[in-house]
$ cat target.csv   # CSV, C-alpha atoms
chain,number,residue,atom,x,y,z
A,1,MET,CA,0.0,0.0,0.0
A,2,ALA,CA,1.4,3.2,-1.1
A,3,THR,CA,1.9,5.9,1.5
A,4,ILE,CA,0.9,9.4,0.6
A,5,TYR,CA,3.3,12.0,1.9
A,6,SER,CA,2.2,15.6,2.1
A,7,GLU,CA,4.8,18.4,2.4
A,8,GLN,CA,3.7,20.1,5.6
A,9,THR,CA,5.5,23.2,6.8
A,10,PRO,CA,6.7,23.0,10.3
A,11,PRO,CA,5.0,25.3,12.8
A,12,ALA,CA,8.2,27.3,13.3
A,13,ALA,CA,8.5,27.9,9.5
A,14,GLN,CA,4.8,28.9,9.3
A,15,ALA,CA,5.4,31.5,12.1
A,16,SER,CA,8.4,32.8,10.2
A,17,GLN,CA,6.4,33.1,7.0
A,18,THR,CA,3.6,34.9,8.8
A,19,ASP,CA,6.2,37.3,10.3
A,20,ASP,CA,7.7,37.9,6.9
A,21,ARG,CA,4.3,38.7,5.3
A,22,ALA,CA,3.5,41.0,8.2
A,23,GLY,CA,6.8,42.8,7.8
A,24,GLU,CA,6.3,43.1,4.0
A,25,ASP,CA,2.8,44.6,4.6
A,26,THR,CA,4.2,47.0,7.2
A,27,ALA,CA,7.0,48.1,4.8
A,28,HIS,CA,4.5,48.5,2.0
A,29,SER,CA,2.2,50.5,4.2
A,30,LEU,CA,5.1,52.6,5.3
A,31,ARG,CA,6.3,53.2,1.7
A,32,GLN,CA,2.8,54.3,0.8
A,33,HIS,CA,2.7,56.8,3.7
A,34,LEU,CA,6.2,58.1,2.9
A,35,ALA,CA,5.7,58.2,-0.9
A,36,LEU,CA,5.5,61.7,-2.4
A,37,PRO,CA,2.3,62.5,-4.4
A,38,THR,CA,2.6,61.5,-8.0
A,39,TRP,CA,1.5,65.0,-9.1
A,40,LEU,CA,4.4,66.7,-7.2
A,41,PRO,CA,6.7,66.9,-10.3
A,42,TRP,CA,3.8,68.5,-12.2
A,43,LEU,CA,3.6,71.1,-9.4
A,44,GLY,CA,7.3,71.8,-9.7
A,45,GLY,CA,6.9,72.4,-13.4
A,46,ARG,CA,3.9,74.7,-12.8
A,47,VAL,CA,6.0,76.7,-10.3
A,48,LEU,CA,8.8,77.1,-12.8
A,49,SER,CA,6.3,78.1,-15.4
A,50,GLY,CA,4.9,80.7,-13.0
A,51,LEU,CA,8.4,82.1,-12.3
A,52,ALA,CA,9.1,82.3,-16.1
A,53,THR,CA,5.8,84.1,-16.6
A,54,ALA,CA,6.7,86.6,-13.8
A,55,PHE,CA,10.1,87.2,-15.4
A,56,VAL,CA,8.4,88.0,-18.8
A,57,ILE,CA,5.9,90.2,-17.1
A,58,SER,CA,8.6,92.1,-15.3
A,59,VAL,CA,10.3,92.8,-18.7
A,60,LEU,CA,7.1,94.0,-20.2
A,61,VAL,CA,6.3,96.2,-17.2
A,62,PHE,CA,9.7,97.8,-17.3
A,63,ALA,CA,9.6,98.3,-21.0
A,64,ALA,CA,6.1,99.8,-20.9
A,65,THR,CA,7.0,102.3,-18.2
A,66,GLN,CA,10.2,103.3,-20.1
A,67,ALA,CA,8.0,104.0,-23.1
A,68,LEU,CA,5.9,106.5,-21.1
A,69,PRO,CA,6.4,110.1,-22.1
A,70,SER,CA,7.9,111.1,-18.8
A,71,ASP,CA,11.4,111.8,-17.4
A,72,PRO,CA,11.7,111.1,-13.6
A,73,ALA,CA,14.4,113.7,-13.3
A,74,ARG,CA,12.3,116.5,-14.8
A,75,VAL,CA,9.3,115.4,-12.7
A,76,ILE,CA,11.4,115.6,-9.5
A,77,LEU,CA,13.1,118.9,-10.3
A,78,GLY,CA,10.0,120.6,-11.8
A,79,PRO,CA,9.5,122.6,-15.0
A,80,ASP,CA,11.9,125.4,-14.0
A,81,ALA,CA,15.0,123.1,-13.6
A,82,THR,CA,18.0,123.8,-15.8
A,83,GLU,CA,19.3,121.2,-18.3
A,84,ASP,CA,22.6,120.8,-16.3
A,85,SER,CA,20.7,120.0,-13.1
A,86,ILE,CA,18.5,117.5,-15.0
A,87,ARG,CA,21.5,115.8,-16.5
A,88,ILE,CA,23.2,115.6,-13.0
A,89,LEU,CA,20.1,114.0,-11.5
A,90,GLN,CA,19.7,111.6,-14.4
A,91,HIS,CA,23.2,110.5,-13.7
A,92,GLN,CA,22.5,110.1,-10.0
A,93,LEU,CA,19.4,108.0,-10.8
A,94,GLY,CA,21.2,105.9,-13.3
A,95,LEU,CA,18.9,107.0,-16.1
A,96,ASP,CA,21.8,107.6,-18.5
A,97,GLN,CA,22.9,104.0,-18.4
A,98,PRO,CA,22.0,101.4,-21.0
A,99,ILE,CA,18.4,100.1,-20.7
A,100,LEU,CA,19.5,96.5,-20.0
A,101,VAL,CA,21.7,97.7,-17.1
A,102,GLN,CA,18.8,99.8,-15.7
A,103,TYR,CA,16.5,96.7,-16.0
A,104,ALA,CA,19.0,94.5,-14.2
A,105,LYS,CA,19.3,96.9,-11.3
A,106,TRP,CA,15.6,97.5,-11.1
A,107,ALA,CA,14.8,93.7,-11.2
A,108,GLY,CA,17.5,93.1,-8.5
A,109,ARG,CA,15.9,95.7,-6.2
A,110,ALA,CA,12.4,94.4,-7.0
A,111,LEU,CA,13.4,90.9,-5.8
A,112,THR,CA,14.1,92.4,-2.4
A,113,GLY,CA,10.8,94.5,-2.4
A,114,GLU,CA,12.7,97.7,-3.1
A,115,PHE,CA,10.9,99.6,-6.0
A,116,GLY,CA,12.3,103.0,-5.4
A,117,VAL,CA,10.7,106.2,-4.1
A,118,SER,CA,7.5,107.8,-5.4
A,119,LEU,CA,8.2,110.8,-7.5
A,120,ASP,CA,5.0,112.5,-6.2
A,121,SER,CA,5.0,111.9,-2.4
A,122,ASN,CA,8.7,110.9,-1.8
A,123,VAL,CA,7.3,107.8,0.0
A,124,PRO,CA,8.8,104.3,-0.8
A,125,ALA,CA,6.8,102.7,-3.6
A,126,GLY,CA,6.8,99.4,-1.7
A,127,GLN,CA,5.1,101.0,1.3
A,128,ILE,CA,2.4,102.6,-1.0
A,129,VAL,CA,1.8,99.2,-2.5
A,130,ALA,CA,1.6,97.5,0.9
A,131,ASP,CA,-0.8,100.0,2.3
A,132,ARG,CA,-3.1,100.1,-0.7
A,133,PHE,CA,-3.0,96.4,-1.3
A,134,ALA,CA,-4.1,95.8,2.3
A,135,ASN,CA,-7.2,97.9,1.7
A,136,SER,CA,-7.9,96.1,-1.6
A,137,ALA,CA,-7.4,92.7,0.0
A,138,VAL,CA,-9.9,93.6,2.7
A,139,LEU,CA,-12.5,94.5,0.0
A,140,MET,CA,-11.7,91.3,-1.9
A,141,VAL,CA,-12.1,89.1,1.1
A,142,VAL,CA,-15.4,90.7,2.0
A,143,VAL,CA,-16.7,90.2,-1.5
A,144,LEU,CA,-15.5,86.6,-1.8
A,145,ILE,CA,-17.0,85.7,1.6
A,146,LEU,CA,-20.4,87.0,0.6
A,147,ALA,CA,-20.5,86.4,-3.1
A,148,VAL,CA,-19.2,82.8,-3.3
A,149,PRO,CA,-21.7,81.1,-1.0
A,150,ILE,CA,-24.6,83.1,-2.5
A,151,ALA,CA,-23.6,82.2,-6.0
A,152,PHE,CA,-22.8,78.6,-5.1
A,153,PHE,CA,-26.1,77.7,-3.4
A,154,GLY,CA,-28.1,79.9,-5.8
A,155,GLY,CA,-26.6,78.1,-8.7
A,156,VAL,CA,-27.2,74.6,-7.2
A,157,VAL,CA,-30.9,75.5,-6.4
A,158,LEU,CA,-31.5,77.0,-9.9
A,159,ALA,CA,-29.9,73.9,-11.5
A,160,ILE,CA,-32.3,71.6,-9.5
A,161,ARG,CA,-35.2,73.8,-10.4
A,162,ARG,CA,-34.1,74.2,-14.0
A,163,ASP,CA,-36.7,75.9,-16.4
A,164,SER,CA,-39.0,76.7,-13.5
A,165,ARG,CA,-40.5,80.1,-13.0
A,166,VAL,CA,-37.9,81.0,-10.3
A,167,ASP,CA,-35.1,79.9,-12.6
A,168,SER,CA,-36.5,82.1,-15.5
A,169,TRP,CA,-36.9,85.2,-13.3
A,170,THR,CA,-33.5,84.8,-11.7
A,171,MET,CA,-31.8,84.3,-15.0
A,172,ASN,CA,-33.5,87.4,-16.4
A,173,GLY,CA,-32.4,89.4,-13.4
A,174,ILE,CA,-28.8,88.1,-13.8
A,175,ILE,CA,-28.8,89.1,-17.5
A,176,LEU,CA,-30.0,92.6,-16.5
A,177,PHE,CA,-27.1,93.0,-14.0
A,178,LYS,CA,-24.6,91.6,-16.5
A,179,ALA,CA,-25.7,94.2,-19.0
A,180,LEU,CA,-25.1,97.1,-16.6
A,181,PRO,CA,-21.5,98.4,-16.4
A,182,GLY,CA,-19.9,98.5,-13.0
A,183,PHE,CA,-19.9,102.3,-12.8
A,184,VAL,CA,-23.6,102.4,-13.6
A,185,LEU,CA,-24.3,100.0,-10.7
A,186,ALA,CA,-22.1,102.1,-8.4
A,187,ILE,CA,-23.8,105.4,-9.3
A,188,GLY,CA,-27.2,103.7,-9.0
A,189,LEU,CA,-26.4,102.5,-5.5
A,190,ILE,CA,-25.1,105.9,-4.5
A,191,LEU,CA,-28.4,107.5,-5.7
A,192,LEU,CA,-30.4,104.9,-3.8
A,193,LEU,CA,-28.5,104.6,-0.5
A,194,SER,CA,-26.6,107.9,-0.2
A,195,THR,CA,-29.0,110.6,-1.4
A,196,THR,CA,-32.5,111.6,-0.6
A,197,VAL,CA,-34.1,108.2,-1.2
A,198,PHE,CA,-32.4,106.2,1.6
A,199,PRO,CA,-29.6,108.4,2.9
A,200,ILE,CA,-28.1,105.8,5.2
A,201,LEU,CA,-24.6,105.2,3.7
A,202,PRO,CA,-21.7,107.5,2.8
A,203,ALA,CA,-21.2,108.0,-0.9
A,204,VAL,CA,-17.4,108.2,-0.5
A,205,SER,CA,-15.2,105.8,1.3
A,206,LEU,CA,-13.2,108.1,3.6
A,207,ILE,CA,-11.3,105.4,5.3
A,208,ASP,CA,-8.9,106.4,8.1
A,209,PRO,CA,-5.5,105.1,7.0
A,210,SER,CA,-4.4,104.5,10.6
A,211,THR,CA,-7.3,102.1,11.2
A,212,SER,CA,-8.2,98.8,9.5
A,213,PRO,CA,-11.1,98.9,7.0
A,214,PHE,CA,-12.6,96.0,8.9
A,215,LEU,CA,-13.2,98.5,11.8
A,216,GLN,CA,-14.9,101.0,9.5
A,217,PRO,CA,-17.5,98.7,7.8
A,218,VAL,CA,-19.8,101.6,6.9
A,219,TYR,CA,-17.3,102.6,4.2
A,220,LEU,CA,-17.1,99.1,2.8
A,221,VAL,CA,-20.8,98.5,2.2
A,222,LEU,CA,-21.3,100.3,-1.1
A,223,PRO,CA,-18.0,99.2,-2.8
A,224,ALA,CA,-18.5,95.6,-1.6
A,225,LEU,CA,-22.2,95.6,-2.7
A,226,THR,CA,-21.3,96.9,-6.2
A,227,LEU,CA,-18.6,94.2,-6.7
A,228,ILE,CA,-20.9,91.5,-5.3
A,229,LEU,CA,-23.6,92.5,-7.8
A,230,THR,CA,-20.9,92.4,-10.5
A,231,VAL,CA,-19.2,89.1,-9.9
A,232,ALA,CA,-22.0,87.0,-8.2
A,233,PRO,CA,-24.1,86.7,-11.4
A,234,PHE,CA,-21.1,85.4,-13.3
A,235,LEU,CA,-20.3,82.8,-10.7
A,236,LEU,CA,-23.9,81.8,-10.2
A,237,ARG,CA,-24.4,81.1,-14.0
A,238,LEU,CA,-21.2,79.1,-13.9
A,239,VAL,CA,-22.3,77.0,-11.0
A,240,ARG,CA,-25.8,76.5,-12.5
A,241,SER,CA,-24.3,75.4,-15.9
A,242,ALA,CA,-21.8,73.0,-14.2
A,243,MET,CA,-24.6,71.5,-12.0
A,244,ILE,CA,-26.9,71.0,-15.0
A,245,GLU,CA,-24.2,69.1,-16.9
A,246,THR,CA,-23.4,67.0,-13.9
A,247,LEU,CA,-27.1,66.2,-13.1
A,248,GLU,CA,-27.5,64.9,-16.7
A,249,ALA,CA,-24.5,62.6,-16.4
A,250,ASP,CA,-24.9,58.8,-16.7
A,251,TYR,CA,-23.5,58.1,-13.2
A,252,VAL,CA,-26.1,60.4,-11.7
A,253,ALA,CA,-28.9,58.6,-13.6
A,254,ALA,CA,-27.4,55.3,-12.3
A,255,ALA,CA,-27.4,56.6,-8.8
A,256,ARG,CA,-31.1,57.6,-9.1
A,257,LEU,CA,-31.9,54.1,-10.5
A,258,ARG,CA,-30.3,52.5,-7.5
A,259,GLY,CA,-32.8,54.3,-5.4
A,260,ILE,CA,-30.5,56.8,-3.7
A,261,PRO,CA,-32.4,59.8,-2.3
A,262,GLU,CA,-32.3,62.9,-4.5
A,263,ARG,CA,-30.7,64.9,-1.8
A,264,CYS,CA,-27.8,62.5,-1.6
A,265,VAL,CA,-27.5,62.4,-5.4
A,266,VAL,CA,-27.2,66.2,-5.5
A,267,TRP,CA,-24.8,66.8,-2.6
A,268,HIS,CA,-22.8,63.6,-2.6
A,269,HIS,CA,-22.5,62.8,-6.3
A,270,ALA,CA,-23.3,65.9,-8.4
A,271,VAL,CA,-21.8,68.8,-6.3
A,272,PRO,CA,-18.3,67.3,-5.8
A,273,ASN,CA,-18.0,66.8,-9.6
A,274,ALA,CA,-19.1,70.3,-10.3
A,275,LEU,CA,-16.4,71.9,-8.1
A,276,VAL,CA,-13.8,72.2,-10.8
A,277,PRO,CA,-15.6,74.9,-12.9
A,278,VAL,CA,-16.4,76.7,-9.6
A,279,ILE,CA,-12.8,76.8,-8.5
A,280,GLN,CA,-11.7,78.2,-11.9
A,281,GLY,CA,-14.6,80.7,-11.7
A,282,ILE,CA,-13.5,81.8,-8.2
A,283,ALA,CA,-10.0,82.2,-9.6
A,284,LEU,CA,-11.3,84.4,-12.4
A,285,ILE,CA,-13.2,86.8,-10.1
A,286,SER,CA,-10.3,86.8,-7.6
A,287,ARG,CA,-8.0,87.9,-10.5
A,288,MET,CA,-10.4,90.8,-11.3
A,289,LEU,CA,-10.7,91.8,-7.6
A,290,LEU,CA,-7.0,91.7,-7.2
A,291,GLY,CA,-6.7,94.3,-9.9
A,292,GLY,CA,-8.5,96.5,-7.4
A,293,ALA,CA,-11.7,96.8,-9.3
A,294,LEU,CA,-10.4,100.1,-10.6
A,295,ILE,CA,-13.7,101.6,-11.6
A,296,VAL,CA,-15.4,100.9,-8.3
A,297,GLU,CA,-12.5,102.2,-6.3
A,298,VAL,CA,-12.4,105.4,-8.4
A,299,VAL,CA,-16.1,106.0,-8.1
A,300,PHE,CA,-16.2,105.6,-4.3
A,301,SER,CA,-12.7,107.1,-3.8
A,302,TYR,CA,-11.8,103.8,-2.0
A,303,PRO,CA,-8.0,103.9,-1.1
A,304,GLY,CA,-7.2,100.6,-2.8
A,305,ILE,CA,-4.4,99.5,-5.2
A,306,GLY,CA,-6.6,100.2,-8.3
A,307,ASN,CA,-7.1,103.8,-7.2
A,308,ALA,CA,-3.4,104.2,-6.5
A,309,LEU,CA,-2.5,102.9,-9.9
A,310,ASN,CA,-4.9,105.4,-11.5
A,311,ALA,CA,-3.4,108.3,-9.6
A,312,ALA,CA,0.2,107.1,-10.4
A,313,ILE,CA,-0.6,106.9,-14.2
A,314,GLU,CA,-2.0,110.4,-14.1
A,315,LEU,CA,1.1,111.8,-12.4
A,316,ARG,CA,3.5,109.6,-14.4
A,317,ASP,CA,4.9,108.3,-11.1
A,318,VAL,CA,7.0,105.5,-12.7
A,319,PRO,CA,8.3,103.7,-9.6
A,320,VAL,CA,4.7,103.4,-8.2
A,321,ILE,CA,3.4,102.2,-11.6
A,322,GLN,CA,6.1,99.6,-11.8
A,323,ALA,CA,5.6,98.4,-8.3
A,324,ILE,CA,1.8,98.1,-8.6
A,325,THR,CA,1.6,96.4,-12.0
A,326,LEU,CA,4.3,93.9,-11.1
A,327,THR,CA,2.7,93.1,-7.8
A,328,MET,CA,-0.7,92.6,-9.5
A,329,ALA,CA,0.8,90.4,-12.2
A,330,VAL,CA,2.6,88.2,-9.7
A,331,GLY,CA,-0.6,88.0,-7.7
A,332,VAL,CA,-2.5,86.8,-10.8
A,333,VAL,CA,0.1,84.1,-11.4
A,334,LEU,CA,-0.2,82.9,-7.8
A,335,ILE,CA,-4.0,82.8,-8.0
A,336,ASN,CA,-3.9,80.8,-11.2
A,337,LEU,CA,-1.4,78.4,-9.7
A,338,LEU,CA,-3.5,77.9,-6.5
A,339,ALA,CA,-6.6,77.3,-8.7
A,340,ASP,CA,-4.8,74.7,-10.8
A,341,VAL,CA,-3.5,72.9,-7.6
A,342,ALA,CA,-7.0,72.9,-6.1
A,343,THR,CA,-8.4,71.6,-9.4
A,344,VAL,CA,-5.9,68.7,-9.3
A,345,LEU,CA,-6.6,67.9,-5.6
A,346,VAL,CA,-10.4,67.7,-6.0
A,347,THR,CA,-10.2,65.6,-9.2
A,348,PRO,CA,-9.2,62.0,-8.5
A,349,LYS,CA,-8.1,61.2,-12.0
A,350,LEU,CA,-5.7,64.2,-12.1
A,351,ARG,CA,-4.6,63.6,-8.5
A,352,THR,CA,-3.4,60.1,-9.2
A,353,SER,CA,-1.9,60.9,-12.5
A,354,SER,CA,1.9,61.5,-12.7
A,355,ARG,CA,1.4,64.2,-15.3
A,356,PRO,CA,-1.9,66.0,-14.7
A,357,ARG,CA,-3.1,67.8,-17.8
A,358,LEU,CA,-5.6,70.6,-17.3
A,359,ARG,CA,-7.4,71.4,-20.5
A,360,ALA,CA,-6.0,74.3,-22.4
A,361,GLY,CA,-8.1,77.4,-22.5
A,362,THR,CA,-10.2,76.2,-19.5
A,363,ARG,CA,-10.5,79.7,-18.0
A,364,ALA,CA,-11.4,81.3,-21.3
A,365,LYS,CA,-14.1,78.7,-22.0
A,366,LEU,CA,-15.6,79.1,-18.5
A,367,LYS,CA,-15.6,82.9,-18.9
A,368,LEU,CA,-17.4,82.5,-22.3
A,369,LYS,CA,-19.8,80.0,-20.8
A,370,ALA,CA,-20.8,82.2,-18.0
A,371,GLY,CA,-21.1,85.3,-20.0
A,372,GLY,CA,-17.8,86.9,-18.8
A,373,VAL,CA,-17.0,88.9,-15.7
$ encode --input "target.csv" --output "structure tokens"
Amino acid sequence: MATIYSEQTPPAAQASQTDDRAGEDTAHSLRQHLALPTWLPWLGGRVLSGLATAFVISVLVFAATQALPSDPARVILGPDATEDSIRILQHQLGLDQPILVQYAKWAGRALTGEFGVSLDSNVPAGQIVADRFANSAVLMVVVLILAVPIAFFGGVVLAIRRDSRVDSWTMNGIILFKALPGFVLAIGLILLLSTTVFPILPAVSLIDPSTSPFLQPVYLVLPALTLILTVAPFLLRLVRSAMIETLEADYVAAARLRGIPERCVVWHHAVPNALVPVIQGIALISRMLLGGALIVEVVFSYPGIGNALNAAIELRDVPVIQAITLTMAVGVVLINLLADVATVLVTPKLRTSSRPRLRAGTRAKLKLKAGGV
């Protein structure tokens, strides 16, 4: 009778194999935790691309200000200055050096935050930018805090109630606000809330420079309300359009067929997938607000960076113009970079890809889709 032998692993060997598998699992888990995100090289490339863009912008800003019909030496000394004194001051300021040398010195100082001195007020241009940018940042934060939630929830509700009477009336109202220029809205609000109709708010934002605008909210109401009425319709239409496309997707229909409640379908399946256009839309309006919303600041005399740029251009104050335009351009580059990173983080397909590719012309398409800012 044949004896059947089976190769049985001794208990000690089995324990050793179990320990080895546990060690491999632990090492694999540790490698997963310590592994860098696959999209990190893409982020490095985007940062380098942003730095290259900032360099090109600095060249354009310097070249454009050099083309202005203004001589800083003549502006400083006044119209009665002699030619000898003008030439001496031009030599002291380095204006008689080659243009490339002037750009290299200016760019080197700009990297350290030194943009020279204002020709009008003799105040460092960097300090002017910091003070005015702080006021514009306060206005931008107030507008974003109020406009984004209103537009987001309004867009979701209108998408759910698509083609209803509320949707039709709201969209007609949005088209009306979109057709009105910003300065018309500003003047209309002044007539309504600062004159004999409802004289409850100041028509001019006389903010005390020694106090934060947050502590003077009465001067923020009209500029912020004007900007909210300008940007919120754009973002609301964007959210509504993105939600309608998402609610008509196949996976949403499949979720409904599985019997998932409509509220869960909307907030757990549709809204997360509609966030990408919303993020890019917020980046678009942030870019506009970072520019200081020039017209609104001028109408209300709000001491922001847009108003400062307008005054500097009128006075041919070259150092202030260079400082403001370069700061705004770098800010736009940063906003676009943050928006692209946020888009990658909320999109699983892009987040797990080693080379995320955002569609070219996404911002332009969104702007066209929502009717522009």
$ residues_around --input "target.csv" --residues "range 248-254 of chain A" --least-positions-apart "4" --cutoff "8 Å" --atoms "all atoms listed in the file" --output "PyMOL selection string"
chain A and resi 244+258+265+269-270
$ closest_residue --input "target.csv" --among "A:Thr343, A:Ser58, A:Asn310, A:Thr325" --to "Ile282 in chain A" --atoms "only C-alpha atoms"
A:Thr343
$ residues_around --input "target.csv" --residues "Glu314 in chain A" --least-positions-apart "4" --cutoff "12 Å" --atoms "only C-alpha atoms" --output "ChimeraX atom specification"
/A:68-70,120,307-310,318,320-321
$ atom_distance --input "target.csv" --atom1 "CA of Ser121 in chain A" --atom2 "CA of Pro72 in chain A"
13.1 Å
$ atom_distance --input "target.csv" --atom1 "CA of Val117 in chain A" --atom2 "CA of Val204 in chain A"
28.4 Å
$ residues_around --input "target.csv" --residues "Gly182 in chain A" --least-positions-apart "6" --cutoff "12 Å" --atoms "all atoms listed in the file" --output "list in words"
Gly188, Leu189, Pro223, Ala224, Leu225, Thr226, Leu227, Ile228, Leu229, Thr230, Val231, Ala293, Leu294, Ile295, Val296, Glu297, Val298, Val299, Phe300 and Val373 of chain A
$ write_last_selection --input "target.csv" --atoms "C-alpha atoms" --output "PDB file, keeping the file's coordinate frame"
ATOM      1  CA  GLY A 188     -27.200 103.700  -9.000  1.00  0.00           C
ATOM      2  CA  LEU A 189     -26.400 102.500  -5.500  1.00  0.00           C
ATOM      3  CA  PRO A 223     -18.000  99.200  -2.800  1.00  0.00           C
ATOM      4  CA  ALA A 224     -18.500  95.600  -1.600  1.00  0.00           C
ATOM      5  CA  LEU A 225     -22.200  95.600  -2.700  1.00  0.00           C
ATOM      6  CA  THR A 226     -21.300  96.900  -6.200  1.00  0.00           C
ATOM      7  CA  LEU A 227     -18.600  94.200  -6.700  1.00  0.00           C
ATOM      8  CA  ILE A 228     -20.900  91.500  -5.300  1.00  0.00           C
ATOM      9  CA  LEU A 229     -23.600  92.500  -7.800  1.00  0.00           C
ATOM     10  CA  THR A 230     -20.900  92.400 -10.500  1.00  0.00           C
ATOM     11  CA  VAL A 231     -19.200  89.100  -9.900  1.00  0.00           C
ATOM     12  CA  ALA A 293     -11.700  96.800  -9.300  1.00  0.00           C
ATOM     13  CA  LEU A 294     -10.400 100.100 -10.600  1.00  0.00           C
ATOM     14  CA  ILE A 295     -13.700 101.600 -11.600  1.00  0.00           C
ATOM     15  CA  VAL A 296     -15.400 100.900  -8.300  1.00  0.00           C
ATOM     16  CA  GLU A 297     -12.500 102.200  -6.300  1.00  0.00           C
ATOM     17  CA  VAL A 298     -12.400 105.400  -8.400  1.00  0.00           C
ATOM     18  CA  VAL A 299     -16.100 106.000  -8.100  1.00  0.00           C
ATOM     19  CA  PHE A 300     -16.200 105.600  -4.300  1.00  0.00           C
ATOM     20  CA  VAL A 373     -17.000  88.900 -15.700  1.00  0.00           C
TER      21      VAL A 373
END
$ residues_around --input "target.csv" --residues "Val47 in chain A" --least-positions-apart "5" --cutoff "10 Å" --atoms "all atoms listed in the file" --output "VMD selection string"
chain A and resid 41 to 42 52 to 53 333 to 334 337
$ write_last_selection --input "target.csv" --atoms "C-alpha atoms" --output "PDB file, keeping the file's coordinate frame"
ATOM      1  CA  PRO A  41       6.700  66.900 -10.300  1.00  0.00           C
ATOM      2  CA  TRP A  42       3.800  68.500 -12.200  1.00  0.00           C
ATOM      3  CA  ALA A  52       9.100  82.300 -16.100  1.00  0.00           C
ATOM      4  CA  THR A  53       5.800  84.100 -16.600  1.00  0.00           C
ATOM      5  CA  VAL A 333       0.100  84.100 -11.400  1.00  0.00           C
ATOM      6  CA  LEU A 334      -0.200  82.900  -7.800  1.00  0.00           C
ATOM      7  CA  LEU A 337      -1.400  78.400  -9.700  1.00  0.00           C
TER       8      LEU A 337
END
$ closest_residue --input "target.csv" --among "A:Leu222, A:Leu350, A:Val330, A:Ile200" --to "Leu185 in chain A" --atoms "only C-alpha atoms"
A:Leu222
$ closest_residue --input "target.csv" --among "A:Ile260, A:Leu315, A:Met140, A:Leu326" --to "Ser286 in chain A" --atoms "all atoms listed in the file"
A:Met140
$ closest_residue --input "target.csv" --among "A:Gly44, A:Gly155, A:Gly304, A:Pro277" --to "Ser205 in chain A" --atoms "all atoms listed in the file"
A:Gly304
$ atom_distance --input "target.csv" --atom1 "CA of Ala274 in chain A" --atom2 "CA of Leu236 in chain A"
12.5 Å
$ closest_residue --input "target.csv" --among "A:Arg240, A:Arg162, A:Arg132, A:Arg74" --to "Leu93 in chain A" --atoms "all atoms listed in the file"
A:Arg74
$ residues_around --input "target.csv" --residues "Pro124 in chain A" --least-positions-apart "4" --cutoff "9 Å" --atoms "only C-alpha atoms" --output "count of residues only"
9
$ decode --input "target.csv" --residues "range 143-156 of chain A" --atoms "C-alpha atoms" --output "mmCIF file, in the first residue's frame"
data_model
loop_
_atom_site.group_PDB
_atom_site.id
_atom_site.type_symbol
_atom_site.label_atom_id
_atom_site.label_comp_id
_atom_site.auth_asym_id
_atom_site.auth_seq_id
_atom_site.Cartn_x
_atom_site.Cartn_y
_atom_site.Cartn_z
ATOM 1 C CA VAL A 143 -16.704 90.241 -1.539
ATOM 2 C CA LEU A 144 -15.548 86.614 -1.805
ATOM 3 C CA ILE A 145 -16.964 85.662 1.606
ATOM 4 C CA LEU A 146 -20.391 86.994 0.632
ATOM 5 C CA ALA A 147 -20.528 86.378 -3.132
ATOM 6 C CA VAL A 148 -19.184 82.816 -3.336
ATOM 7 C CA PRO A 149 -21.695 81.128 -0.967
ATOM 8 C CA ILE A 150 -24.606 83.100 -2.451
ATOM 9 C CA ALA A 151 -23.611 82.199 -6.000
ATOM 10 C CA PHE A 152 -22.816 78.589 -5.140
ATOM 11 C CA PHE A 153 -26.050 77.724 -3.353
ATOM 12 C CA GLY A 154 -28.077 79.865 -5.756
ATOM 13 C CA GLY A 155 -26.561 78.059 -8.737
ATOM 14 C CA VAL A 156 -27.248 74.635 -7.211
#
